$ cat my_file_13.txt   # compact mmCIF, C-alpha atoms
# COMPACT_ATOMS: atom_id res chain seq x y z
CA MET U 1 -1.34 36.09 -2.94
CA GLN U 2 -4.82 35.20 -1.65
CA LEU U 3 -6.18 31.67 -1.36
CA GLY U 4 -9.56 30.36 -0.39
CA LEU U 5 -9.13 27.03 1.41
CA ILE U 6 -12.10 24.75 2.02
CA GLY U 7 -11.69 21.99 4.60
CA LEU U 8 -9.64 22.78 7.71
CA GLY U 9 -9.19 19.34 9.21
CA ARG U 10 -5.76 18.25 10.35
CA MET U 11 -4.07 18.45 6.94
CA GLY U 12 -6.07 21.43 5.69
CA GLY U 13 -5.43 23.35 8.90
CA ASN U 14 -1.71 22.64 8.72
CA MET U 15 -1.64 23.76 5.10
CA ARG U 16 -3.36 27.01 6.02
CA GLU U 17 -0.69 27.79 8.60
CA ARG U 18 2.17 26.88 6.24
CA ILE U 19 0.79 29.12 3.49
CA ARG U 20 0.27 31.99 5.92
CA ALA U 21 3.80 31.56 7.24
CA ALA U 22 5.04 32.13 3.68
CA GLY U 23 3.32 35.52 3.66
CA HIS U 24 0.13 34.71 1.74
CA GLU U 25 -3.40 35.50 2.83
CA VAL U 26 -5.67 32.49 3.42
CA VAL U 27 -9.41 32.64 3.92
CA GLY U 28 -10.52 29.27 5.27
CA PHE U 29 -13.96 27.72 5.39
CA ASP U 30 -15.00 24.67 7.40
CA HIS U 31 -18.33 23.44 8.71
CA ASN U 32 -16.78 23.62 12.18
CA PRO U 33 -17.31 27.29 13.09
CA ASN U 34 -14.55 27.14 15.71
CA ILE U 35 -11.86 26.87 13.05
CA SER U 36 -13.53 28.59 10.09
CA ASP U 37 -12.68 32.15 9.02
CA VAL U 38 -16.04 32.64 7.31
CA SER U 39 -19.57 31.33 7.74
CA SER U 40 -20.27 30.17 4.17
CA LEU U 41 -18.77 29.49 0.76
CA ALA U 42 -20.44 32.65 -0.52
CA GLU U 43 -18.68 34.73 2.16
CA LEU U 44 -15.37 33.05 1.32
CA VAL U 45 -15.75 33.98 -2.36
CA ASP U 46 -16.74 37.56 -1.45
CA LYS U 47 -13.58 38.01 0.61
CA LEU U 48 -11.26 37.03 -2.25
CA SER U 49 -10.07 39.41 -4.94
CA ALA U 50 -10.39 38.38 -8.58
CA PRO U 51 -8.97 36.32 -10.11
CA ARG U 52 -9.75 33.98 -7.23
CA VAL U 53 -7.99 30.71 -6.39
CA VAL U 54 -9.97 28.29 -4.22
CA TRP U 55 -8.50 25.01 -2.96
CA THR U 56 -10.81 22.23 -1.74
CA MET U 57 -9.45 19.83 0.87
CA VAL U 58 -12.52 17.78 1.74
CA PRO U 59 -13.29 14.03 1.63
CA ALA U 60 -13.43 12.49 -1.84
CA GLY U 61 -16.81 11.63 -3.29
CA PRO U 62 -20.17 13.42 -2.96
CA ILE U 63 -18.83 16.09 -0.58
CA THR U 64 -16.17 17.16 -3.06
CA GLU U 65 -18.62 17.07 -5.99
CA ASP U 66 -21.14 19.19 -4.10
CA THR U 67 -18.49 21.68 -3.00
CA ILE U 68 -17.12 22.13 -6.53
CA ASP U 69 -20.63 22.49 -7.99
CA GLN U 70 -21.47 25.15 -5.38
CA LEU U 71 -18.26 27.00 -6.19
CA GLY U 72 -19.13 26.81 -9.88
CA GLY U 73 -22.22 28.87 -9.11
CA LEU U 74 -20.34 31.45 -7.02
CA LEU U 75 -17.07 32.04 -8.87
CA SER U 76 -16.53 34.07 -12.04
CA ALA U 77 -14.70 33.67 -15.32
CA GLY U 78 -10.94 33.70 -14.75
CA ASP U 79 -11.17 32.09 -11.30
CA LEU U 80 -9.55 28.74 -10.50
CA ILE U 81 -10.56 25.71 -8.40
CA ILE U 82 -7.96 23.22 -7.16
CA ASP U 83 -9.03 19.88 -5.69
CA GLY U 84 -6.34 18.66 -3.30
CA GLY U 85 -8.31 15.75 -1.87
CA ASN U 86 -7.92 12.06 -2.72
CA SER U 87 -10.43 12.11 -5.55
CA LYS U 88 -10.39 9.37 -8.16
CA PHE U 89 -8.71 10.65 -11.32
CA THR U 90 -11.75 9.75 -13.44
CA ASP U 91 -13.75 12.45 -11.63
CA ASP U 92 -11.44 15.28 -12.69
CA ARG U 93 -12.13 15.75 -16.39
CA PRO U 94 -15.94 15.84 -15.94
CA ARG U 95 -15.49 18.58 -13.35
CA ALA U 96 -13.25 20.60 -15.64
CA GLU U 97 -15.77 20.17 -18.46
CA ARG U 98 -18.63 21.41 -16.26
CA LEU U 99 -16.67 24.50 -15.23
CA ALA U 100 -15.16 25.39 -18.61
CA PRO U 101 -18.30 26.99 -20.13
CA LYS U 102 -18.30 29.42 -17.20
CA GLY U 103 -14.64 30.30 -17.78
CA ILE U 104 -13.64 28.79 -14.42
CA GLY U 105 -10.40 26.82 -14.41
CA TYR U 106 -9.91 23.48 -12.68
CA MET U 107 -6.80 21.67 -11.46
CA ASP U 108 -6.26 18.45 -9.53
CA CYS U 109 -3.45 18.19 -6.99
CA GLY U 110 -2.34 14.99 -5.29
CA VAL U 111 -0.90 15.86 -1.88
CA SER U 112 1.45 13.66 0.14
CA GLY U 113 3.06 14.44 3.46
CA GLY U 114 0.50 13.48 6.06
CA VAL U 115 0.82 14.92 9.54
CA TRP U 116 4.49 15.75 8.90
CA GLY U 117 3.85 18.00 5.91
CA SER U 118 3.49 21.11 8.05
CA GLN U 119 7.13 20.69 9.09
CA ASN U 120 8.72 19.03 6.07
CA GLY U 121 6.59 20.37 3.24
CA TYR U 122 4.15 18.53 1.02
CA ALA U 123 4.84 16.58 -2.16
CA LEU U 124 2.50 18.02 -4.77
CA MET U 125 1.46 16.29 -8.00
CA VAL U 126 -0.53 18.64 -10.22
CA GLY U 127 -2.73 18.15 -13.26
CA GLY U 128 -4.01 21.06 -15.34
CA ASP U 129 -3.20 23.75 -17.88
CA ALA U 130 0.19 25.43 -17.71
CA ALA U 131 -1.46 28.84 -17.31
CA HIS U 132 -3.37 27.63 -14.25
CA VAL U 133 -0.20 26.11 -12.78
CA ALA U 134 1.56 29.46 -13.16
CA MET U 135 -1.39 31.23 -11.53
CA ALA U 136 -1.22 29.02 -8.43
CA MET U 137 2.56 28.58 -8.32
CA PRO U 138 3.13 30.91 -5.30
CA ILE U 139 0.86 28.60 -3.25
CA PHE U 140 2.63 25.48 -4.49
CA GLU U 141 5.99 27.03 -3.61
CA ALA U 142 4.74 27.76 -0.10
CA LEU U 143 3.57 24.20 0.44
CA LYS U 144 6.37 22.15 -1.15
CA PRO U 145 9.68 21.36 0.56
CA ALA U 146 12.62 23.68 -0.08
CA GLY U 147 14.77 22.68 -3.04
CA PRO U 148 14.14 21.16 -6.46
CA TYR U 149 11.96 18.22 -5.41
CA GLY U 150 8.45 17.79 -4.07
CA PHE U 151 6.51 19.28 -6.98
CA VAL U 152 5.56 18.15 -10.47
CA HIS U 153 3.22 19.43 -13.14
CA ALA U 154 2.42 15.88 -14.20
CA GLY U 155 0.25 16.69 -17.20
CA PRO U 156 -3.28 17.83 -18.08
CA VAL U 157 -6.31 17.62 -15.81
CA ALA U 158 -6.45 14.23 -13.99
CA ALA U 159 -2.67 13.66 -14.21
CA GLY U 160 -2.12 14.90 -10.66
CA HIS U 161 -4.57 12.53 -9.01
CA TYR U 162 -3.41 9.70 -11.28
CA THR U 163 0.20 10.23 -10.18
CA LYS U 164 -0.85 10.36 -6.53
CA MET U 165 -2.78 7.10 -7.00
CA VAL U 166 0.34 5.35 -8.30
CA HIS U 167 2.38 6.94 -5.47
CA ASN U 168 -0.02 5.41 -2.94
CA GLY U 169 0.14 2.03 -4.66
CA ILE U 170 3.93 2.08 -4.36
CA GLU U 171 3.52 3.06 -0.71
CA TYR U 172 1.37 -0.04 -0.16
CA GLY U 173 4.16 -2.26 -1.52
CA MET U 174 6.92 -0.56 0.47
CA MET U 175 5.00 -0.82 3.72
CA GLN U 176 4.26 -4.49 3.08
CA ALA U 177 7.95 -5.25 2.44
CA LEU U 178 8.97 -3.53 5.69
CA ALA U 179 6.25 -5.39 7.58
CA GLU U 180 7.25 -8.79 6.20
CA GLY U 181 10.95 -8.21 6.92
CA TRP U 182 10.14 -7.21 10.49
CA GLU U 183 7.99 -10.31 10.96
CA LEU U 184 10.79 -12.57 9.71
CA LEU U 185 13.28 -10.95 12.09
CA GLU U 186 10.83 -11.44 14.96
CA ALA U 187 10.40 -15.12 14.07
CA SER U 188 14.14 -15.81 13.79
CA GLU U 189 16.07 -17.55 16.58
CA TYR U 190 19.22 -15.75 15.43
CA VAL U 191 18.31 -12.09 15.99
CA ASP U 192 18.00 -10.84 19.56
CA ASN U 193 17.65 -7.11 18.87
CA VAL U 194 14.98 -6.63 16.23
CA PRO U 195 14.24 -2.92 16.90
CA GLY U 196 17.96 -2.18 16.85
CA SER U 197 18.32 -4.01 13.54
CA ILE U 198 15.57 -1.90 12.00
CA LYS U 199 17.14 1.25 13.44
CA SER U 200 20.55 0.38 11.95
CA TRP U 201 19.10 0.62 8.44
CA ARG U 202 18.26 4.32 8.80
CA GLU U 203 21.71 5.42 7.61
CA GLY U 204 24.03 3.93 5.03
CA SER U 205 21.47 1.40 3.80
CA VAL U 206 19.84 1.12 0.39
CA VAL U 207 16.48 0.65 2.13
CA LYS U 208 16.83 3.96 3.95
CA SER U 209 13.52 5.83 3.62
CA TRP U 210 11.03 8.02 5.41
CA LEU U 211 8.74 5.01 5.82
CA LEU U 212 11.58 3.16 7.54
CA ASP U 213 12.11 6.15 9.84
CA LEU U 214 8.41 6.15 10.74
CA PHE U 215 8.44 2.40 11.36
CA ASP U 216 11.43 2.80 13.66
CA ARG U 217 9.53 5.53 15.51
CA ALA U 218 6.58 3.15 15.95
CA LEU U 219 8.86 0.43 17.32
CA ASP U 220 10.43 2.88 19.80
CA GLY U 221 7.02 3.25 21.42
CA ASP U 222 5.95 -0.39 21.11
CA PRO U 223 8.88 -2.75 20.21
CA GLU U 224 6.65 -5.77 19.54
CA LEU U 225 3.63 -3.76 18.30
CA GLY U 226 1.61 -5.47 21.00
CA LYS U 227 -0.71 -2.50 21.40
CA LEU U 228 -2.02 -2.80 17.85
CA LYS U 229 -4.42 -5.14 16.12
CA GLY U 230 -3.24 -6.68 12.85
CA TYR U 231 -5.93 -4.97 10.79
CA ALA U 232 -5.21 -2.54 7.94
CA GLU U 233 -7.76 -0.52 6.00
CA ASP U 234 -7.31 0.67 2.43
CA THR U 235 -8.42 4.11 1.31
CA GLY U 236 -9.32 3.07 -2.22
CA GLU U 237 -6.22 4.31 -4.03
CA GLY U 238 -4.58 0.88 -3.87
CA ARG U 239 -7.66 -0.64 -5.50
CA TRP U 240 -7.69 2.03 -8.21
CA THR U 241 -4.01 1.35 -8.93
CA VAL U 242 -4.65 -2.37 -9.38
CA ASP U 243 -7.72 -1.62 -11.53
CA GLU U 244 -5.53 0.49 -13.80
CA ALA U 245 -2.93 -2.28 -13.98
CA VAL U 246 -5.64 -4.66 -15.22
CA ARG U 247 -6.97 -2.10 -17.71
CA LEU U 248 -3.51 -1.43 -19.16
CA ALA U 249 -2.18 -5.00 -18.77
CA VAL U 250 0.72 -3.84 -16.59
CA PRO U 251 2.03 -6.49 -14.15
CA LEU U 252 1.85 -5.09 -10.61
CA HIS U 253 2.82 -8.14 -8.58
CA VAL U 254 3.98 -6.39 -5.40
CA ILE U 255 1.31 -3.70 -5.24
CA ALA U 256 -1.50 -6.16 -5.96
CA ALA U 257 -0.22 -8.61 -3.33
CA SER U 258 0.07 -5.85 -0.73
CA LEU U 259 -3.54 -4.82 -1.39
CA PHE U 260 -4.81 -8.38 -1.06
CA THR U 261 -2.85 -8.78 2.18
CA ARG U 262 -4.82 -5.86 3.62
CA PHE U 263 -8.01 -7.69 2.75
CA GLU U 264 -6.62 -10.79 4.45
CA SER U 265 -5.99 -8.78 7.63
CA ARG U 266 -9.75 -8.42 8.06
CA GLN U 267 -10.36 -12.16 8.25
CA PRO U 268 -9.82 -13.62 11.72
CA ASP U 269 -10.34 -17.10 10.26
CA SER U 270 -9.63 -17.16 6.53
CA PRO U 271 -12.32 -19.01 4.52
CA ALA U 272 -9.80 -19.65 1.75
CA MET U 273 -7.37 -21.27 4.17
CA LYS U 274 -10.18 -23.48 5.47
CA ALA U 275 -10.69 -24.67 1.89
CA VAL U 276 -6.96 -25.31 1.47
CA ALA U 277 -6.87 -27.32 4.72
CA ALA U 278 -9.89 -29.36 3.60
CA LEU U 279 -8.28 -30.14 0.24
CA ARG U 280 -4.98 -31.18 1.87
CA GLN U 281 -6.91 -33.54 4.15
CA GLN U 282 -8.83 -35.02 1.23
CA PHE U 283 -5.97 -35.73 -1.16
CA GLY U 284 -3.19 -36.45 1.31
CA GLY U 285 -4.78 -37.31 4.61
CA HIS U 286 -3.01 -34.37 6.23
CA ALA U 287 -4.04 -33.40 9.75
CA VAL U 288 -6.35 -30.42 10.19
CA MET U 289 -7.08 -28.18 13.15
CA GLY U 290 -10.67 -28.19 14.36
$ encode --input "my_file_13.txt" --output "structure tokens"
Amino acid sequence: MQLGLIGLGRMGGNMRERIRAAGHEVVGFDHNPNISDVSSLAELVDKLSAPRVVWTMVPAGPITEDTIDQLGGLLSAGDLIIDGGNSKFTDDRPRAERLAPKGIGYMDCGVSGGVWGSQNGYALMVGGDAAHVAMAMPIFEALKPAGPYGFVHAGPVAAGHYTKMVHNGIEYGMMQALAEGWELLEASEYVDNVPGSIKSWREGSVVKSWLLDLFDRALDGDPELGKLKGYAEDTGEGRWTVDEAVRLAVPLHVIAASLFTRFESRQPDSPAMKAVAALRQQFGGHAVMG
């Protein structure tokens, strides 16, 4: 099978090699000519046989919108576009609606696996019509891990990115729990071997996970994480998850708290805690730090 792949950064480049290793032809386009197979989107489309499947793997937002709109002017009826970036799910249906009058299919695919996906396979969460899923299934099979897991046709267009959004929200909560447990171990006068304690959980424990394995790997290189600053960005998906929880009145205590903790990490001197200290001084005469 042929695939046009747009965006050959670290993940896109790894995906290209994994798909090629499975015996499929990939024509890749990137604005970096050193890694691109073609010089333009038009040339990419020309090199693919109909019906064409083109996968975009570029940053969410205006770049993705522009890329999909350009493809809409180059592709033909019966062709298919897959967006594998971290787009917000609310962007997917308008794209599909713009492409439908031209007979061009659209699917959204949430992709998880990070830098390890090239070795372990990628978890794929797909939204779209069943016929389009079947059309692209050889590519999904090449990218997913071996075995029954790592792929879901989650529902119609937008379901893939929605599922990936919730996946990332859960990831926020799991990372926060690991971080807080590690901090408590570090603070304790009872535990002498904190890295070893974390490592012991990797087998036979109910908290065994890939995130735990990665955390243990980080501690191997820096047992007290002294080389890092306690600052964590958020990519937007955690915010979208909490927004959806508010819209649907679903209690997301852990995920919401983990998102707010990331915001807190950006405050070297918390204004809210200054207010709390001032109030404690006013009503109870408690000491404050100047």
$ closest_residue --input "my_file_13.txt" --among "U:Asp108, U:Glu189, U:Asp69, U:Glu97" --to "U:Ile82" --atoms "all atoms listed in the file"
U:Asp108
$ closest_residue --input "my_file_13.txt" --among "U:Val58, U:Met15, U:Val126, U:Met165" --to "U:Ala142" --atoms "all atoms listed in the file"
U:Met15
$ residues_around --input "my_file_13.txt" --residues "U:Arg18" --least-positions-apart "5" --cutoff "12 Å" --atoms "all atoms listed in the file" --output "list of chain:residue names"
U:Met11, U:Gly12, U:Gly13, U:Gly23, U:His24, U:Glu25, U:Val26, U:Trp116, U:Gly117, U:Ser118, U:Gln119, U:Asn120, U:Gly121, U:Tyr122, U:Ile139, U:Phe140, U:Glu141, U:Ala142, U:Leu143, U:Lys144, U:Pro145
$ residues_around --input "my_file_13.txt" --residues "U:Leu48" --least-positions-apart "5" --cutoff "9 Å" --atoms "only C-alpha atoms" --output "list in words"
Gln2, Leu3, Gly4, Val27, Glu43 and Val53 of chain U
$ closest_residue --input "my_file_13.txt" --among "U:Arg202, U:Lys229, U:Lys88, U:Lys208" --to "U:Ala159" --atoms "all atoms listed in the file"
U:Lys88
$ residues_around --input "my_file_13.txt" --residues "stretch 260-274 of chain U" --least-positions-apart "3" --cutoff "6 Å" --atoms "all atoms listed in the file" --output "list in words"
Tyr231, Ala232, Ala257 and Ala277 of chain U
$ atom_distance --input "my_file_13.txt" --atom1 "atom CA of U:Arg247" --atom2 "atom CA of U:Met107"
24.6 Å
$ atom_distance --input "my_file_13.txt" --atom1 "atom CA of U:Trp210" --atom2 "atom CA of U:Tyr149"
14.9 Å
$ atom_distance --input "my_file_13.txt" --atom1 "atom CA of U:Gly147" --atom2 "atom CA of U:Ala134"
18.0 Å
$ residues_around --input "my_file_13.txt" --residues "U:Ile63" --least-positions-apart "2" --cutoff "12 Å" --atoms "only C-alpha atoms" --output "VMD selection string"
chain U and resid 6 to 7 31 56 to 61 65 to 70 83 85 to 87
$ closest_residue --input "my_file_13.txt" --among "U:Val194, U:Leu124, U:Ala130, U:Val207" --to "U:Trp182" --atoms "all atoms listed in the file"
U:Val194
$ build_atoms --input "my_file_13.txt" --residues "stretch 250-273 of chain U" --atoms "N, CA and C atoms" --output "short mmCIF file (atom, residue, chain, number, x, y, z; two decimals), in the coordinates of the input"
data_model
loop_
_atom_site.label_atom_id
_atom_site.label_comp_id
_atom_site.auth_asym_id
_atom_site.auth_seq_id
_atom_site.Cartn_x
_atom_site.Cartn_y
_atom_site.Cartn_z
N VAL U 250 -0.60 -4.08 -17.19
CA VAL U 250 0.72 -3.84 -16.59
C VAL U 250 0.86 -4.74 -15.37
N PRO U 251 1.89 -5.60 -15.30
CA PRO U 251 2.03 -6.49 -14.15
C PRO U 251 2.44 -5.73 -12.89
N LEU U 252 1.60 -5.77 -11.89
CA LEU U 252 1.85 -5.09 -10.61
C LEU U 252 1.84 -6.13 -9.49
N HIS U 253 2.81 -7.02 -9.51
CA HIS U 253 2.82 -8.14 -8.58
C HIS U 253 2.85 -7.67 -7.12
N VAL U 254 3.78 -6.80 -6.79
CA VAL U 254 3.98 -6.39 -5.40
C VAL U 254 2.81 -5.57 -4.89
N ILE U 255 2.39 -4.58 -5.68
CA ILE U 255 1.31 -3.70 -5.24
C ILE U 255 0.01 -4.49 -5.10
N ALA U 256 -0.29 -5.36 -6.06
CA ALA U 256 -1.50 -6.16 -5.96
C ALA U 256 -1.47 -7.07 -4.74
N ALA U 257 -0.33 -7.71 -4.49
CA ALA U 257 -0.22 -8.61 -3.33
C ALA U 257 -0.37 -7.83 -2.03
N SER U 258 0.18 -6.63 -1.97
CA SER U 258 0.07 -5.85 -0.73
C SER U 258 -1.38 -5.43 -0.48
N LEU U 259 -2.13 -5.15 -1.55
CA LEU U 259 -3.54 -4.82 -1.39
C LEU U 259 -4.33 -6.03 -0.88
N PHE U 260 -4.08 -7.18 -1.48
CA PHE U 260 -4.81 -8.38 -1.06
C PHE U 260 -4.46 -8.77 0.37
N THR U 261 -3.24 -8.49 0.80
CA THR U 261 -2.85 -8.78 2.18
C THR U 261 -3.66 -7.92 3.16
N ARG U 262 -3.97 -6.69 2.76
CA ARG U 262 -4.82 -5.86 3.62
C ARG U 262 -6.22 -6.48 3.76
N PHE U 263 -6.72 -7.02 2.66
CA PHE U 263 -8.01 -7.69 2.75
C PHE U 263 -7.92 -8.88 3.71
N GLU U 264 -6.82 -9.61 3.61
CA GLU U 264 -6.62 -10.79 4.45
C GLU U 264 -6.59 -10.41 5.93
N SER U 265 -6.10 -9.21 6.24
CA SER U 265 -5.99 -8.78 7.63
C SER U 265 -7.35 -8.64 8.30
N ARG U 266 -8.39 -8.59 7.52
CA ARG U 266 -9.75 -8.42 8.06
C ARG U 266 -10.45 -9.75 8.32
N GLN U 267 -9.76 -10.84 8.08
CA GLN U 267 -10.36 -12.16 8.25
C GLN U 267 -9.71 -12.87 9.44
N PRO U 268 -10.40 -12.93 10.57
CA PRO U 268 -9.82 -13.62 11.72
C PRO U 268 -9.64 -15.12 11.48
N ASP U 269 -10.44 -15.67 10.58
CA ASP U 269 -10.34 -17.10 10.26
C ASP U 269 -10.60 -17.22 8.77
N SER U 270 -9.53 -17.27 7.97
CA SER U 270 -9.63 -17.16 6.53
C SER U 270 -10.46 -18.28 5.91
N PRO U 271 -11.56 -17.97 5.22
CA PRO U 271 -12.32 -19.01 4.52
C PRO U 271 -11.49 -19.75 3.48
N ALA U 272 -10.62 -19.00 2.77
CA ALA U 272 -9.80 -19.65 1.75
C ALA U 272 -8.86 -20.67 2.36
N MET U 273 -8.28 -20.33 3.53
CA MET U 273 -7.37 -21.27 4.17
C MET U 273 -8.10 -22.50 4.71
#
